[in-house]
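> So that you have it, the file is query_36.cif, and it contains mmCIF, C-alpha atoms and all ligand atoms:
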data_final
loop_
_atom_site.label_atom_id
_atom_site.label_comp_id
_atom_site.auth_asym_id
_atom_site.auth_seq_id
_atom_site.Cartn_x
_atom_site.Cartn_y
_atom_site.Cartn_z
CA MET A 1 0.00 0.00 0.00
CA THR A 2 1.20 3.51 -0.67
CA ALA A 3 -0.34 6.10 1.59
CA ARG A 4 -2.29 9.11 0.48
CA ILE A 5 -0.19 12.16 1.33
CA ILE A 6 -2.24 14.64 3.33
CA ASP A 7 -1.52 18.03 1.74
CA GLY A 8 -1.46 20.40 4.72
CA LYS A 9 -0.63 23.41 2.55
CA GLN A 10 -3.67 22.98 0.38
CA ILE A 11 -5.99 22.19 3.31
CA ALA A 12 -4.65 25.25 5.18
CA GLN A 13 -5.34 27.40 2.11
CA SER A 14 -8.93 26.25 1.98
CA SER A 15 -9.32 26.94 5.74
CA ILE A 16 -7.97 30.45 5.12
CA ALA A 17 -10.40 30.93 2.22
CA GLN A 18 -13.28 30.01 4.56
CA VAL A 19 -12.00 32.45 7.21
CA LYS A 20 -11.81 35.23 4.58
CA ALA A 21 -15.36 34.59 3.39
CA SER A 22 -16.74 34.46 6.95
CA THR A 23 -14.86 37.66 7.84
CA GLU A 24 -16.48 39.48 4.92
CA ARG A 25 -19.89 38.26 6.09
CA LEU A 26 -19.21 39.28 9.71
CA VAL A 27 -18.11 42.76 8.66
CA ALA A 28 -21.12 43.16 6.35
CA ASP A 29 -23.63 41.89 8.95
CA THR A 30 -22.28 43.49 12.14
CA GLY A 31 -19.59 46.01 11.22
CA ILE A 32 -17.18 44.02 13.42
CA ARG A 33 -13.80 43.28 11.87
CA PRO A 34 -11.77 40.58 13.65
CA GLY A 35 -8.70 42.13 15.30
CA LEU A 36 -5.54 40.22 16.16
CA ALA A 37 -2.76 41.65 18.33
CA VAL A 38 0.56 39.85 18.34
CA VAL A 39 3.07 40.71 21.06
CA LEU A 40 6.76 40.02 20.55
CA VAL A 41 9.35 40.55 23.28
CA GLY A 42 13.00 40.67 22.24
CA GLU A 43 14.69 40.00 18.93
CA ASP A 44 14.79 36.23 18.51
CA PRO A 45 15.02 35.77 14.71
CA ALA A 46 12.74 32.70 14.59
CA SER A 47 10.08 34.48 16.67
CA GLN A 48 10.35 37.54 14.41
CA VAL A 49 9.67 35.35 11.37
CA TYR A 50 6.67 33.66 13.04
CA VAL A 51 5.20 36.97 14.18
CA ALA A 52 5.64 38.57 10.76
CA SER A 53 3.90 35.68 9.02
CA LYS A 54 1.00 35.78 11.50
CA GLY A 55 0.58 39.51 10.83
CA ARG A 56 0.68 38.99 7.05
CA MET A 57 -1.87 36.20 7.22
CA ALA A 58 -4.17 38.26 9.46
CA LYS A 59 -4.14 41.06 6.88
CA GLU A 60 -4.79 38.58 4.08
CA CYS A 61 -7.85 37.35 6.00
CA GLY A 62 -9.16 40.92 6.15
CA PHE A 63 -8.45 41.33 9.87
CA HIS A 64 -7.39 44.40 11.77
CA SER A 65 -3.82 43.37 12.60
CA VAL A 66 -1.45 44.99 15.08
CA GLN A 67 1.97 44.04 16.33
CA HIS A 68 3.60 45.24 19.55
CA THR A 69 7.35 44.75 19.73
CA LEU A 70 8.85 45.19 23.18
CA PRO A 71 12.54 45.31 24.11
CA MET A 72 14.42 42.58 25.98
CA THR A 73 14.44 44.90 29.02
CA THR A 74 10.62 44.71 29.35
CA THR A 75 9.44 44.00 32.89
CA GLN A 76 6.58 41.68 33.81
CA GLU A 77 4.58 44.76 34.90
CA ASP A 78 5.04 46.36 31.46
CA LEU A 79 4.04 43.17 29.65
CA THR A 80 1.01 42.57 31.86
CA ALA A 81 -0.03 46.20 31.43
CA LEU A 82 0.10 45.84 27.62
CA VAL A 83 -1.96 42.64 27.77
CA GLN A 84 -4.53 44.39 29.97
CA GLN A 85 -4.68 47.32 27.57
CA LEU A 86 -5.36 44.87 24.71
CA ASN A 87 -7.96 43.06 26.85
CA ALA A 88 -9.83 46.37 27.13
CA ASP A 89 -9.49 47.31 23.44
CA PRO A 90 -12.80 46.62 21.63
CA GLU A 91 -11.03 46.46 18.25
CA ILE A 92 -8.90 43.51 19.40
CA HIS A 93 -10.54 40.07 19.59
CA GLY A 94 -7.44 37.88 19.74
CA ILE A 95 -4.21 38.36 21.69
CA LEU A 96 -1.16 36.22 21.03
CA VAL A 97 2.03 36.60 23.03
CA GLN A 98 4.80 34.93 21.07
CA LEU A 99 6.46 32.19 23.11
CA PRO A 100 9.00 31.43 24.38
CA LEU A 101 9.53 34.70 26.24
CA PRO A 102 13.21 35.66 26.30
CA GLY A 103 15.41 35.80 29.40
CA ASP A 104 14.40 34.63 32.84
CA VAL A 105 12.56 37.68 34.18
CA LEU A 106 9.28 37.22 32.34
CA SER A 107 6.81 34.53 33.34
CA GLU A 108 4.85 32.75 30.61
CA ARG A 109 2.31 31.56 33.19
CA GLU A 110 1.68 35.03 34.55
CA THR A 111 1.47 36.54 31.07
CA ILE A 112 -0.99 33.95 29.74
CA ALA A 113 -3.07 34.25 32.92
CA ALA A 114 -3.39 37.99 32.23
CA ILE A 115 -4.99 37.44 28.80
CA ALA A 116 -8.80 37.61 28.87
CA PRO A 117 -9.92 33.99 28.20
CA GLU A 118 -12.27 35.19 25.43
CA LYS A 119 -9.26 36.74 23.62
CA ASP A 120 -6.88 33.81 24.23
CA VAL A 121 -6.69 32.62 20.63
CA ASP A 122 -3.67 30.43 21.39
CA GLY A 123 -5.86 28.41 23.78
CA LEU A 124 -3.29 28.41 26.58
CA HIS A 125 -5.26 30.09 29.39
CA ASP A 126 -6.30 27.75 32.22
CA ILE A 127 -9.97 28.56 31.54
CA ASN A 128 -9.68 27.37 27.95
CA ILE A 129 -7.67 24.30 28.96
CA GLY A 130 -10.42 23.49 31.49
CA ARG A 131 -13.22 24.00 28.96
CA LEU A 132 -11.47 21.71 26.48
CA ALA A 133 -10.89 19.08 29.17
CA ALA A 134 -14.60 19.27 30.02
CA GLY A 135 -15.53 18.83 26.34
CA ARG A 136 -16.89 22.38 25.98
CA THR A 137 -15.35 22.89 22.56
CA GLU A 138 -18.01 25.38 21.44
CA ASP A 139 -16.74 28.16 23.71
CA ALA A 140 -13.19 26.93 24.38
CA PHE A 141 -10.26 28.21 22.38
CA VAL A 142 -8.31 25.15 21.34
CA PRO A 143 -4.54 25.43 20.74
CA CYS A 144 -3.87 25.92 17.04
CA THR A 145 -1.67 22.90 16.23
CA PRO A 146 -4.03 20.32 17.81
CA LYS A 147 -7.01 22.01 16.16
CA GLY A 148 -5.18 21.80 12.81
CA CYS A 149 -4.46 18.09 13.34
CA MET A 150 -8.19 17.47 13.77
CA VAL A 151 -8.98 19.27 10.51
CA LEU A 152 -6.43 17.05 8.73
CA ILE A 153 -7.95 13.92 10.30
CA ASP A 154 -11.40 15.09 9.17
CA THR A 155 -10.26 15.18 5.56
CA VAL A 156 -9.28 11.50 5.79
CA HIS A 157 -12.29 10.44 7.90
CA PRO A 158 -15.19 12.66 6.82
CA GLU A 159 -17.56 10.09 8.35
CA GLY A 160 -15.96 10.69 11.77
CA ILE A 161 -13.60 8.68 13.96
CA ALA A 162 -16.03 7.24 16.52
CA GLY A 163 -14.73 3.94 17.88
CA LEU A 164 -11.33 4.13 16.18
CA ASN A 165 -8.21 3.53 18.25
CA ALA A 166 -6.12 6.70 18.38
CA LEU A 167 -2.59 6.77 19.79
CA VAL A 168 -1.08 10.12 20.78
CA VAL A 169 2.66 9.95 21.37
CA GLY A 170 3.62 12.94 23.54
CA ARG A 171 1.75 14.65 26.37
CA SER A 172 2.83 18.29 26.25
CA ASN A 173 0.32 20.98 27.20
CA LEU A 174 0.78 22.57 23.78
CA VAL A 175 0.24 19.50 21.61
CA GLY A 176 -0.21 16.00 23.07
CA ARG A 177 -2.72 16.69 25.85
CA PRO A 178 -5.11 18.90 23.84
CA ILE A 179 -5.02 16.52 20.87
CA ALA A 180 -5.93 13.64 23.17
CA ALA A 181 -8.89 15.67 24.51
CA LEU A 182 -10.10 16.51 21.00
CA LEU A 183 -9.84 12.91 19.81
CA GLN A 184 -11.76 11.73 22.85
CA HIS A 185 -14.38 14.40 22.21
CA ALA A 186 -14.70 12.96 18.69
CA ASN A 187 -15.39 9.54 20.30
CA ALA A 188 -12.11 7.86 19.43
CA THR A 189 -10.64 5.44 21.98
CA VAL A 190 -7.52 7.31 22.98
CA THR A 191 -4.18 6.11 24.33
CA VAL A 192 -1.55 8.65 25.34
CA ALA A 193 2.07 7.47 25.23
CA HIS A 194 5.10 9.29 26.65
CA SER A 195 8.73 8.74 27.54
CA ARG A 196 7.88 6.14 30.20
CA THR A 197 5.57 4.12 27.96
CA ARG A 198 6.42 0.47 27.47
CA ASP A 199 6.07 -1.25 24.12
CA LEU A 200 5.33 1.69 21.83
CA PRO A 201 5.56 -0.57 18.75
CA GLY A 202 2.81 -2.76 20.23
CA LEU A 203 0.57 0.27 20.82
CA CYS A 204 1.19 1.52 17.27
CA ALA A 205 0.26 -1.89 15.84
CA ASN A 206 -3.23 -1.44 17.30
CA ALA A 207 -3.72 2.22 16.36
CA ASP A 208 -6.02 3.30 13.53
CA ILE A 209 -4.76 6.86 14.02
CA VAL A 210 -1.25 7.77 15.22
CA ILE A 211 -0.37 11.32 16.23
CA ALA A 212 3.35 11.78 16.79
CA ALA A 213 4.32 14.84 18.88
CA ILE A 214 7.65 13.89 20.39
CA GLY A 215 10.40 16.04 18.90
CA ARG A 216 12.73 13.16 17.95
CA PRO A 217 13.66 12.62 14.31
CA GLU A 218 12.00 9.58 12.72
CA PHE A 219 11.49 7.98 16.12
CA ILE A 220 8.38 6.07 15.05
CA LYS A 221 9.42 3.35 12.65
CA GLY A 222 7.51 2.61 9.48
CA ASP A 223 7.02 -1.06 10.30
CA TRP A 224 5.28 -0.18 13.61
CA ILE A 225 2.37 1.35 11.70
CA LYS A 226 -0.85 -0.65 11.37
CA PRO A 227 -1.62 -1.15 7.65
CA GLY A 228 -4.11 1.46 6.50
CA ALA A 229 -3.66 3.73 9.57
CA THR A 230 -3.84 7.52 9.45
CA VAL A 231 -0.54 9.07 10.56
CA ILE A 232 -0.31 12.71 11.66
CA ASP A 233 3.28 13.79 12.23
CA VAL A 234 3.54 16.95 14.34
CA GLY A 235 7.29 16.73 14.89
CA ILE A 236 9.65 19.22 13.30
CA ASN A 237 13.29 18.19 13.58
CA ARG A 238 16.27 19.64 11.75
CA ILE A 239 18.92 17.04 10.92
CA PRO A 240 22.21 17.19 9.00
CA ALA A 241 21.84 16.58 5.25
CA PRO A 242 25.38 16.06 3.94
CA GLU A 243 23.88 14.83 0.64
CA LYS A 244 22.75 18.45 0.01
CA GLY A 245 26.25 19.77 0.62
CA GLU A 246 28.51 20.46 3.54
CA GLY A 247 26.78 21.97 6.57
CA LYS A 248 23.31 21.64 4.98
CA THR A 249 20.30 20.48 6.94
CA ARG A 250 16.77 19.26 6.26
CA LEU A 251 13.53 18.92 8.22
CA VAL A 252 12.08 15.58 9.19
CA GLY A 253 9.18 14.59 11.38
CA ASP A 254 8.90 12.17 14.29
CA VAL A 255 7.84 9.36 11.94
CA GLU A 256 10.05 7.47 9.50
CA PHE A 257 8.14 8.90 6.57
CA ALA A 258 9.26 6.78 3.60
CA ALA A 259 8.77 3.43 5.36
CA ALA A 260 5.53 4.53 7.09
CA SER A 261 4.11 5.65 3.70
CA GLU A 262 4.37 2.02 2.55
CA ARG A 263 1.96 0.89 5.29
CA ALA A 264 -0.23 3.85 6.25
CA GLY A 265 -3.51 4.69 4.53
CA ALA A 266 -2.80 8.43 4.82
CA ILE A 267 0.15 10.37 6.22
CA THR A 268 1.24 13.98 6.65
CA PRO A 269 4.61 15.02 5.22
CA VAL A 270 7.14 17.19 7.07
CA PRO A 271 7.31 19.94 6.02
CA GLY A 272 3.93 20.65 4.40
CA GLY A 273 1.65 18.68 6.73
CA VAL A 274 0.70 19.95 10.18
CA GLY A 275 2.93 23.06 10.02
CA PRO A 276 0.79 25.17 7.63
CA MET A 277 -2.35 24.33 9.61
CA THR A 278 -1.16 26.03 12.80
CA ILE A 279 -1.29 29.57 11.43
CA ALA A 280 -4.56 28.87 9.59
CA MET A 281 -6.14 27.77 12.89
CA LEU A 282 -4.90 30.93 14.60
CA MET A 283 -6.92 32.86 12.02
CA ALA A 284 -9.93 30.58 12.58
CA ASN A 285 -9.69 31.14 16.36
CA THR A 286 -9.48 34.92 15.92
CA LEU A 287 -12.56 34.87 13.70
CA LYS A 288 -14.35 32.74 16.31
CA ALA A 289 -13.38 35.25 19.05
CA ALA A 290 -14.83 38.10 16.96
CA GLU A 291 -18.02 36.13 16.20
CA LEU A 292 -18.52 35.29 19.89
CA SER A 293 -17.93 38.93 20.81
CA ALA A 294 -20.52 40.03 18.20
CA LYS A 295 -23.05 37.68 19.85
CA ARG A 296 -22.37 39.22 23.25
CA LEU A 297 -23.14 42.77 22.04
N1 LIG B 1 3.83 21.63 13.32
C1 LIG B 1 3.71 22.56 14.24
O1 LIG B 1 3.15 23.60 14.01
C2 LIG B 1 4.25 22.29 15.61
C3 LIG B 1 3.75 22.98 16.72
C4 LIG B 1 4.23 22.64 17.99
C5 LIG B 1 5.22 21.67 18.12
N2 LIG B 1 5.71 21.06 17.01
C6 LIG B 1 6.74 20.00 17.10
O2 LIG B 1 6.16 18.87 17.71
C7 LIG B 1 7.13 18.19 18.48
C8 LIG B 1 6.61 18.04 19.89
O3 LIG B 1 6.44 19.32 20.46
P1 LIG B 1 6.05 19.53 21.99
O4 LIG B 1 6.02 20.99 22.24
O5 LIG B 1 4.84 18.71 22.30
O6 LIG B 1 7.35 18.86 22.70
P2 LIG B 1 7.67 18.57 24.22
O7 LIG B 1 7.01 19.55 25.12
O8 LIG B 1 9.15 18.39 24.29
O9 LIG B 1 6.98 17.15 24.50
C9 LIG B 1 7.49 15.97 23.93
C10 LIG B 1 6.69 14.79 24.41
O10 LIG B 1 7.25 13.62 23.81
C11 LIG B 1 7.41 12.63 24.81
N3 LIG B 1 8.57 11.78 24.53
C12 LIG B 1 9.86 12.11 24.58
N4 LIG B 1 10.63 11.03 24.34
C13 LIG B 1 9.77 10.00 24.13
C14 LIG B 1 9.95 8.63 23.85
N5 LIG B 1 11.18 8.09 23.76
N6 LIG B 1 8.86 7.86 23.70
C15 LIG B 1 7.63 8.38 23.83
N7 LIG B 1 7.39 9.69 24.11
C16 LIG B 1 8.46 10.47 24.26
C17 LIG B 1 7.63 13.39 26.11
O11 LIG B 1 7.28 12.52 27.18
P3 LIG B 1 7.38 12.97 28.74
O12 LIG B 1 6.16 13.80 28.99
O13 LIG B 1 7.35 11.67 29.48
O14 LIG B 1 8.65 13.73 28.88
C18 LIG B 1 6.72 14.58 25.93
O15 LIG B 1 5.42 14.32 26.43
C19 LIG B 1 8.41 19.00 18.34
O16 LIG B 1 9.18 18.45 17.27
C20 LIG B 1 7.93 20.37 17.94
O17 LIG B 1 8.89 21.09 17.18
C21 LIG B 1 5.23 21.34 15.77
#
Let's see the structure in the file written out as structure tokens.

Amino acid sequence: MTARIIDGKQIAQSSIAQVKASTERLVADTGIRPGLAVVLVGEDPASQVYVASKGRMAKECGFHSVQHTLPMTTTQEDLTALVQQLNADPEIHGILVQLPLPGDVLSERETIAAIAPEKDVDGLHDINIGRLAAGRTEDAFVPCTPKGCMVLIDTVHPEGIAGLNALVVGRSNLVGRPIAALLQHANATVTVAHSRTRDLPGLCANADIVIAAIGRPEFIKGDWIKPGATVIDVGINRIPAPEKGEGKTRLVGDVEFAAASERAGAITPVPGGVGPMTIAMLMANTLKAAELSAKRL
């Protein structure tokens, strides 16, 4: 069997097209334009790239988009004050503080806790984590990468995943845990594996859906995959690629892609699978925040 390759780029584009269309409708019906504020502290080059692309995408969706760039010397009081100012700004529906925060003075916990839960489009506030855990997905903001994984799974299983065995490898708050909650909400039978798990190959052999969120290059071997399974590879790992020239690198996922493609029914590539979905889901969450705020008016 050769797996269908799940084209995350194309699926993300169609999610963005839906967000654009819904934004036009929201503006026409209510006069409310979704507003996204992205806060960047410091000058980390990777964070700068992420923040710039979020701003560009927000504009493309027809959002009101603002970026606040704060210096490395920013205090917790300054950062919290900015978040509170954005909480009170009626033109802003989504607030994203780019993580990780630099240095050791600023607290991610304290900063996220300061964001109004209804503007927490990254889905990291305890209130949103609690709503997701309780299965209240209609008013919870779900972290963008897990939400994107579910959209990809939907394209493979439009009839739903009720009763399927889903294995999530990884239990981080950002990825593994929320994905497990979403899969359970969709009535899959969910197993969560982690670094202390015994017999991962045995668990994979029984899994109709495997989500790999580990952060170790090609850790999940192709011959562990159940024939016909759906494989969603969240991992992004940079490894040396001497075949491309000296000092060159390439990205691989947490799954041994070539071998897994021989057994899986459908699989995401890295890059081009889960990655593009994350930013698309940030736009979807910001639209949702604006729509919920319109209902409250
Ligand atoms: N595509 C995207 O947009 C996107 C977004 C976010 C993250 N990522 C990528 O996804 C990967 C995971 O990210 P993360 O933030 O969830 O990482 P993380 O916080 O480091 O969590 C990794 C998880 O993998 C588990 N793990 C480590 N070694 C293992 C092993 N030998 N067997 C089974 N489980 C093991 C850990 O278990 P313990 O809990 O026991 O330590 C932990 O739960 C990374 O490659 C990251 O770059 C991609």
> Near region 136-152 of chain A, within 6 Å and counting all atoms listed in the file, which residues show up once chain neighbours fewer than 4 positions away are dropped, as number ranges by chain?
A: 121-123, 128, 131-132, 175, 179, 277-278, 281-282
> Could you check how far CA of Ala81 (chain A) sits from CA of Leu287 (chain A), in Å to one decimal?
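Distance reported for this atom pair: 24.5 Å.
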> Could you pull out every residue with an atom within 12 Å of (4.0, 37.5, 39.4), file coordinates, counting only C-alpha atoms, and send them as an mmCIF file with C-alpha atoms, in the frame of the given file?

data_model
loop_
_atom_site.group_PDB
_atom_site.id
_atom_site.type_symbol
_atom_site.label_atom_id
_atom_site.label_comp_id
_atom_site.auth_asym_id
_atom_site.auth_seq_id
_atom_site.Cartn_x
_atom_site.Cartn_y
_atom_site.Cartn_z
ATOM 1 C CA THR A 75 9.440 44.000 32.890
ATOM 2 C CA GLN A 76 6.580 41.680 33.810
ATOM 3 C CA GLU A 77 4.580 44.760 34.900
ATOM 4 C CA ASP A 78 5.040 46.360 31.460
ATOM 5 C CA LEU A 79 4.040 43.170 29.650
ATOM 6 C CA THR A 80 1.010 42.570 31.860
ATOM 7 C CA VAL A 105 12.560 37.680 34.180
ATOM 8 C CA LEU A 106 9.280 37.220 32.340
ATOM 9 C CA SER A 107 6.810 34.530 33.340
ATOM 10 C CA GLU A 108 4.850 32.750 30.610
ATOM 11 C CA ARG A 109 2.310 31.560 33.190
ATOM 12 C CA GLU A 110 1.680 35.030 34.550
ATOM 13 C CA THR A 111 1.470 36.540 31.070
ATOM 14 C CA ILE A 112 -0.990 33.950 29.740
ATOM 15 C CA ALA A 113 -3.070 34.250 32.920
ATOM 16 C CA ALA A 114 -3.390 37.990 32.230
#
> Would you pick out the contacts of Gln18 (chain A) at 9 Å or less, using all atoms listed in the file, so that residues sharing its chain but fewer than 5 positions from it are not included, and give the list as an NGL selection string?
:A and (13 or 23 or 284)
> Work out how far CA of Gly275 (chain A) is from atom C5 of ligand LIG 1 (chain B), in Å to one decimal.
8.5 Å
> With 12 Å as the threshold, what does the neighbourhood of (-1.8, 42.4, 19.5) contain in terms of residues, counting only C-alpha atoms? Coordinates are those of the file; answer as an NGL selection string.
:A and (34-41 or 51 or 54-55 or 58 or 63-70 or 79 or 82-98 or 115 or 119-121 or 286)
> How would you write, as an mmCIF file with C-alpha atoms, in the coordinates of the input, the set of residues no farther than 10 Å from ligand LIG 1 (chain B) when counting all atoms listed in the file?

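The result, stored in result_7.cif:
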data_model
loop_
_atom_site.group_PDB
_atom_site.id
_atom_site.type_symbol
_atom_site.label_atom_id
_atom_site.label_comp_id
_atom_site.auth_asym_id
_atom_site.auth_seq_id
_atom_site.Cartn_x
_atom_site.Cartn_y
_atom_site.Cartn_z
ATOM 1 C CA PRO A 143 -4.540 25.430 20.740
ATOM 2 C CA CYS A 144 -3.870 25.920 17.040
ATOM 3 C CA THR A 145 -1.670 22.900 16.230
ATOM 4 C CA PRO A 146 -4.030 20.320 17.810
ATOM 5 C CA GLY A 148 -5.180 21.800 12.810
ATOM 6 C CA CYS A 149 -4.460 18.090 13.340
ATOM 7 C CA VAL A 168 -1.080 10.120 20.780
ATOM 8 C CA VAL A 169 2.660 9.950 21.370
ATOM 9 C CA GLY A 170 3.620 12.940 23.540
ATOM 10 C CA ARG A 171 1.750 14.650 26.370
ATOM 11 C CA SER A 172 2.830 18.290 26.250
ATOM 12 C CA ASN A 173 0.320 20.980 27.200
ATOM 13 C CA LEU A 174 0.780 22.570 23.780
ATOM 14 C CA VAL A 175 0.240 19.500 21.610
ATOM 15 C CA GLY A 176 -0.210 16.000 23.070
ATOM 16 C CA ARG A 177 -2.720 16.690 25.850
ATOM 17 C CA VAL A 192 -1.550 8.650 25.340
ATOM 18 C CA ALA A 193 2.070 7.470 25.230
ATOM 19 C CA HIS A 194 5.100 9.290 26.650
ATOM 20 C CA SER A 195 8.730 8.740 27.540
ATOM 21 C CA ARG A 196 7.880 6.140 30.200
ATOM 22 C CA THR A 197 5.570 4.120 27.960
ATOM 23 C CA ARG A 198 6.420 0.470 27.470
ATOM 24 C CA ASP A 199 6.070 -1.250 24.120
ATOM 25 C CA LEU A 200 5.330 1.690 21.830
ATOM 26 C CA ALA A 212 3.350 11.780 16.790
ATOM 27 C CA ALA A 213 4.320 14.840 18.880
ATOM 28 C CA ILE A 214 7.650 13.890 20.390
ATOM 29 C CA GLY A 215 10.400 16.040 18.900
ATOM 30 C CA ARG A 216 12.730 13.160 17.950
ATOM 31 C CA PRO A 217 13.660 12.620 14.310
ATOM 32 C CA PHE A 219 11.490 7.980 16.120
ATOM 33 C CA ILE A 220 8.380 6.070 15.050
ATOM 34 C CA ILE A 232 -0.310 12.710 11.660
ATOM 35 C CA ASP A 233 3.280 13.790 12.230
ATOM 36 C CA VAL A 234 3.540 16.950 14.340
ATOM 37 C CA GLY A 235 7.290 16.730 14.890
ATOM 38 C CA ILE A 236 9.650 19.220 13.300
ATOM 39 C CA ASN A 237 13.290 18.190 13.580
ATOM 40 C CA ARG A 238 16.270 19.640 11.750
ATOM 41 C CA VAL A 252 12.080 15.580 9.190
ATOM 42 C CA GLY A 253 9.180 14.590 11.380
ATOM 43 C CA ASP A 254 8.900 12.170 14.290
ATOM 44 C CA VAL A 270 7.140 17.190 7.070
ATOM 45 C CA PRO A 271 7.310 19.940 6.020
ATOM 46 C CA GLY A 272 3.930 20.650 4.400
ATOM 47 C CA GLY A 273 1.650 18.680 6.730
ATOM 48 C CA VAL A 274 0.700 19.950 10.180
ATOM 49 C CA GLY A 275 2.930 23.060 10.020
ATOM 50 C CA PRO A 276 0.790 25.170 7.630
ATOM 51 C CA MET A 277 -2.350 24.330 9.610
ATOM 52 C CA THR A 278 -1.160 26.030 12.800
ATOM 53 C CA ILE A 279 -1.290 29.570 11.430
#
> Skip Val210 (chain A) itself and residues of its chain fewer than 2 positions away, then list as a list in words all residues within 6 Å of it, counting all atoms listed in the file.
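In the requested format, the answer is Ala166, Leu167 and Val231 of chain A.
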> Name all residues at most 8 Å from region 188-190 of chain A (count only C-alpha atoms; drop same-chain ones fewer than 4 positions away) and give them as a ChimeraX atom specification.
/A:161-168,180,183-184
